[in-house]
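Below: the structure, in structure tokens.
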Amino acid sequence: MKFCILASGSKGNSLFIESAYGRFLIDVGLSARQIEERLQSVGVEAAGIDAIILTHAHSDHVRGVGVLAYRHRIPVMAHPDTLDSITPLLKPGQAVLPWQQPFQVKDLAFTPFPLSHDCQPTFGFVIRENSRALVLCTDLGVVTESVREQVRQADMLILESNHDPDMLMNGPYPWELKERIAGRAGHLSNHNAGELLQEVLHPRLQRVILGHLSEENNTPNLALVTVLDYLGSSRQEMVEVIEQKTVSAMYML
Ligand SMILES: [Zn+2]
Ligand SMILES: [Zn+2]
């Protein structure tokens, strides 16, 4: 498969994946027009997308889903409770496909795993083509044993590294919001990401892409340096950071 991150961060998220037989979006957290433009920048027409799959119903993941899916007649696949939450974004009669278990679309196998986050339900995904696995793990406040188990399967990993705890606590957000972000149902800090990587590092893991960075409470360099503190600087080549405003490289897996 190949994939690129169209957007990642507190202001919008979307992941494009292409397998031998299909094209997919996970989350549509920008406007439909912005997603179309970002797809075009990597040579993909939105009309060619076979399915949109959602992780959860927060607006930074679903903002453009209704318009994009309607305009290009793309089915929306999500947990039934997520579909309920996004009903106001959809037009009557739009194709929705609920799942509750691992599911297959074309030649990709999607295994959702639950994340601790202040939107019920929220999922990460293990996405497999043949023997290779991409793992998407963002929007979680705490790392559980089940999260570790799924992340260990990754050949490539997109992992949340949302904030630096000091920047968050000394920053401009109101106290309640600071508590929410740092809490068990919030977002992973750079330290949380580094700890998790240290625990699950294995020889098959080729690449780690740090994402869902806060623009207010983090910097790409701080995320990278903090995570490498846990992994050792010899791992520098396998770790990258994705920024909100730019489309990532196209990764081959
Ligand atoms: Zn998010
Ligand atoms: Zn969220």
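Chain identifiers are assigned as A, B, and so on, following the order in which chains appear in the structure tokens; residues are numbered from 1 within each chain, and ligands are numbered from 1 in order of appearance.
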Within 9 Å of ligand 2, which residues of chain A show up? Give each one with its shortest atom-to-atom distance in Å (one decimal) and the two atoms involved, counting only C-alpha atoms and all ligand atoms, rows by chain then rising residue number, as CSV.
```
residue,atom,partner,partner_atom_place_in_ligand_line,distance
A:Ser10,CA,ligand 2,1 (Zn),8.1
A:Thr55,CA,ligand 2,1 (Zn),8.6
A:His56,CA,ligand 2,1 (Zn),6.8
A:Ala57,CA,ligand 2,1 (Zn),7.4
A:His58,CA,ligand 2,1 (Zn),5.0
A:Ser59,CA,ligand 2,1 (Zn),7.8
A:Asp60,CA,ligand 2,1 (Zn),6.9
A:His61,CA,ligand 2,1 (Zn),7.2
A:His117,CA,ligand 2,1 (Zn),6.7
A:Asp118,CA,ligand 2,1 (Zn),7.0
A:Cys119,CA,ligand 2,1 (Zn),6.5
A:Thr122,CA,ligand 2,1 (Zn),7.6
A:Thr138,CA,ligand 2,1 (Zn),8.1
A:Asp139,CA,ligand 2,1 (Zn),5.0
A:Leu140,CA,ligand 2,1 (Zn),7.7
A:Gly186,CA,ligand 2,1 (Zn),7.8
A:His187,CA,ligand 2,1 (Zn),8.1
```
Print the selection's residues with C-alpha atoms to a file, as a CSV table (one decimal), in the first residue's frame.
```csv
chain,number,residue,atom,x,y,z
A,10,SER,CA,-5.9,19.8,16.3
A,55,THR,CA,-12.1,7.1,13.7
A,56,HIS,CA,-14.5,9.2,15.8
A,57,ALA,CA,-17.0,12.1,15.6
A,58,HIS,CA,-14.9,15.1,16.8
A,59,SER,CA,-15.1,17.9,14.3
A,60,ASP,CA,-11.3,17.9,13.5
A,61,HIS,CA,-12.0,14.4,12.0
A,117,HIS,CA,-10.7,9.8,24.5
A,118,ASP,CA,-13.5,12.3,25.3
A,119,CYS,CA,-15.6,11.2,22.3
A,122,THR,CA,-12.9,6.6,19.4
A,138,THR,CA,-4.1,9.3,17.5
A,139,ASP,CA,-6.6,10.9,19.8
A,140,LEU,CA,-6.0,9.0,23.1
A,186,GLY,CA,-7.4,13.7,26.2
A,187,HIS,CA,-4.3,13.6,24.0
```
> If you count only C-alpha atoms, which residues fall within 8 Å of Val241 (chain A), apart from same-chain ones fewer than 3 positions away, as a ChimeraX atom specification?
Replying inline: /A:209-211,220,223-224
Let me see the file: selected residues, N, CA and C atoms, as an mmCIF file, in the first residue's frame.
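Result written to selection-v1.cif:
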```cif
data_model
loop_
_atom_site.group_PDB
_atom_site.id
_atom_site.type_symbol
_atom_site.label_atom_id
_atom_site.label_comp_id
_atom_site.auth_asym_id
_atom_site.auth_seq_id
_atom_site.Cartn_x
_atom_site.Cartn_y
_atom_site.Cartn_z
ATOM 1 N N ILE A 209 5.725 8.074 12.367
ATOM 2 C CA ILE A 209 5.339 9.424 11.963
ATOM 3 C C ILE A 209 4.567 10.031 13.131
ATOM 4 N N LEU A 210 5.141 11.083 13.716
ATOM 5 C CA LEU A 210 4.488 11.744 14.853
ATOM 6 C C LEU A 210 3.493 12.751 14.313
ATOM 7 N N GLY A 211 2.246 12.686 14.812
ATOM 8 C CA GLY A 211 1.206 13.550 14.277
ATOM 9 C C GLY A 211 0.275 14.081 15.346
ATOM 10 N N PRO A 220 7.263 21.061 16.243
ATOM 11 C CA PRO A 220 7.752 19.820 15.621
ATOM 12 C C PRO A 220 9.108 19.403 16.181
ATOM 13 N N ALA A 223 8.764 17.904 19.731
ATOM 14 C CA ALA A 223 8.196 16.540 19.667
ATOM 15 C C ALA A 223 9.292 15.545 19.281
ATOM 16 N N LEU A 224 10.046 15.883 18.255
ATOM 17 C CA LEU A 224 11.085 14.978 17.761
ATOM 18 C C LEU A 224 12.177 14.757 18.808
#
```
Using DSSP assignments from the backbone, pull out every residue in region 67-151 of chain A that falls under alpha helix (DSSP H) and give it to me as a PDB file with C-alpha atoms, in the first residue's frame.
```pdb
ATOM      1  CA  VAL A  67     -20.194  17.258   1.693  1.00  0.00           C
ATOM      2  CA  LEU A  68     -17.278  15.211   0.327  1.00  0.00           C
ATOM      3  CA  ALA A  69     -19.164  11.913   0.540  1.00  0.00           C
ATOM      4  CA  TYR A  70     -22.325  13.392  -0.978  1.00  0.00           C
ATOM      5  CA  ARG A  71     -20.563  15.193  -3.819  1.00  0.00           C
ATOM      6  CA  HIS A  72     -18.630  12.100  -4.921  1.00  0.00           C
ATOM      7  CA  PRO A  80     -22.870   2.816  14.515  1.00  0.00           C
ATOM      8  CA  ASP A  81     -22.572   5.327  17.389  1.00  0.00           C
ATOM      9  CA  THR A  82     -20.222   7.513  15.331  1.00  0.00           C
ATOM     10  CA  LEU A  83     -22.684   7.396  12.429  1.00  0.00           C
ATOM     11  CA  ASP A  84     -25.452   8.489  14.837  1.00  0.00           C
ATOM     12  CA  SER A  85     -23.329  11.446  15.971  1.00  0.00           C
ATOM     13  CA  ILE A  86     -22.601  12.669  12.441  1.00  0.00           C
ATOM     14  CA  GLU A 145      -2.230  -2.707  27.244  1.00  0.00           C
ATOM     15  CA  SER A 146      -4.540  -3.203  24.268  1.00  0.00           C
ATOM     16  CA  VAL A 147      -3.072  -0.121  22.568  1.00  0.00           C
ATOM     17  CA  ARG A 148       0.472  -1.475  23.091  1.00  0.00           C
ATOM     18  CA  GLU A 149      -0.582  -4.825  21.645  1.00  0.00           C
ATOM     19  CA  GLN A 150      -1.941  -3.213  18.457  1.00  0.00           C
ATOM     20  CA  VAL A 151       0.943  -0.783  18.026  1.00  0.00           C
TER      21      VAL A 151
END
```
>> I'd like to know which of A:Glu160, A:Asp27, A:Glu18, A:Glu195 is closest to Gly43 (chain A), using only C-alpha atoms.
In response: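 Under the stated criterion, the closest residue is A:Glu18.
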>> Among region 5-252 of chain A, which residues does DSSP mark as strand (DSSP E) when it is run on the backbone? Keep the chain and numbering as in the structure and answer as number ranges by chain.
In response: A: 5-7, 14-18, 23-26, 51-53, 76-78, 96-98, 103-105, 108-114, 123-129, 132-137, 156-160, 207-211, 239-241, 251-252
> Using only C-alpha atoms and all ligand atoms, which residue out of A:Thr226, A:Thr246, A:Ser214, A:Asn192 lies closest to ligand 1?
Replying inline: A:Ser214
>> I'd like the contact shell of Ile5 (chain A) - 9 Å cut-off, only C-alpha atoms, skipping same-chain residues fewer than 6 positions apart - returned as number ranges by chain.
In response: A: 13-17, 242, 246-250
Take the residues that were just selected and, keeping C-alpha atoms, output them as a CSV table (one decimal), in the first residue's frame.
```
chain,number,residue,atom,x,y,z
A,13,ASN,CA,-7.1,15.3,10.2
A,14,SER,CA,-7.2,13.1,7.1
A,15,LEU,CA,-5.2,10.1,5.9
A,16,PHE,CA,-5.2,8.9,2.3
A,17,ILE,CA,-4.4,5.2,1.6
A,242,ILE,CA,4.0,15.9,10.4
A,246,THR,CA,1.4,20.5,4.8
A,247,VAL,CA,0.7,17.3,3.0
A,248,SER,CA,3.2,14.6,3.9
A,249,ALA,CA,5.3,12.6,1.5
A,250,MET,CA,3.8,9.5,-0.1
```
> Which distance in Å separates CA of Leu25 (chain A) and CA of Asn162 (chain A), to one decimal?
Replying inline: 21.6 Å
> CA of Asp166 (chain A) and CA of Ala7 (chain A) are how many Å apart?
Replying inline: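 The value is 25.1 Å.
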>> Restricting the calculation to only C-alpha atoms and all ligand atoms: of A:Arg38, A:Arg33, A:Arg23, A:Arg63, which residue gets closest to ligand 1?
In response: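 Looking only at the distances to ligand 1, the closest residue turns out to be A:Arg63.
Shortest atom-to-atom contact with ligand 1 among A:Leu197, A:Ile35, A:Leu188, A:Leu134: A:Leu188, counting only C-alpha atoms and all ligand atoms.
Considering only C-alpha atoms, the residue among A:Thr87, A:Gln101, A:Met238, A:Ile53 positioned nearest to Ile26 (chain A) is A:Ile53.
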> Taking into account only C-alpha atoms, which residue in the set A:Leu6, A:Leu159, A:Met169, A:Val105 is nearest to Ala20 (chain A)?
Replying inline: A:Val105
> Which residues come within 10 Å of Leu231 (chain A), counting only C-alpha atoms, excluding same-chain residues fewer than 6 positions away, as a list in words?
Replying inline: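 Listing them by chain and then by number gives Gly194, Glu195, Leu196, Leu197, Gln198, Glu199, Leu201, Val225 and Val239 of chain A.
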> Near Glu129 (chain A), within 8 Å and counting only C-alpha atoms, which residues show up once chain neighbours fewer than 5 positions away are dropped, as a ChimeraX atom specification?
Replying inline: /A:1,19,107-109
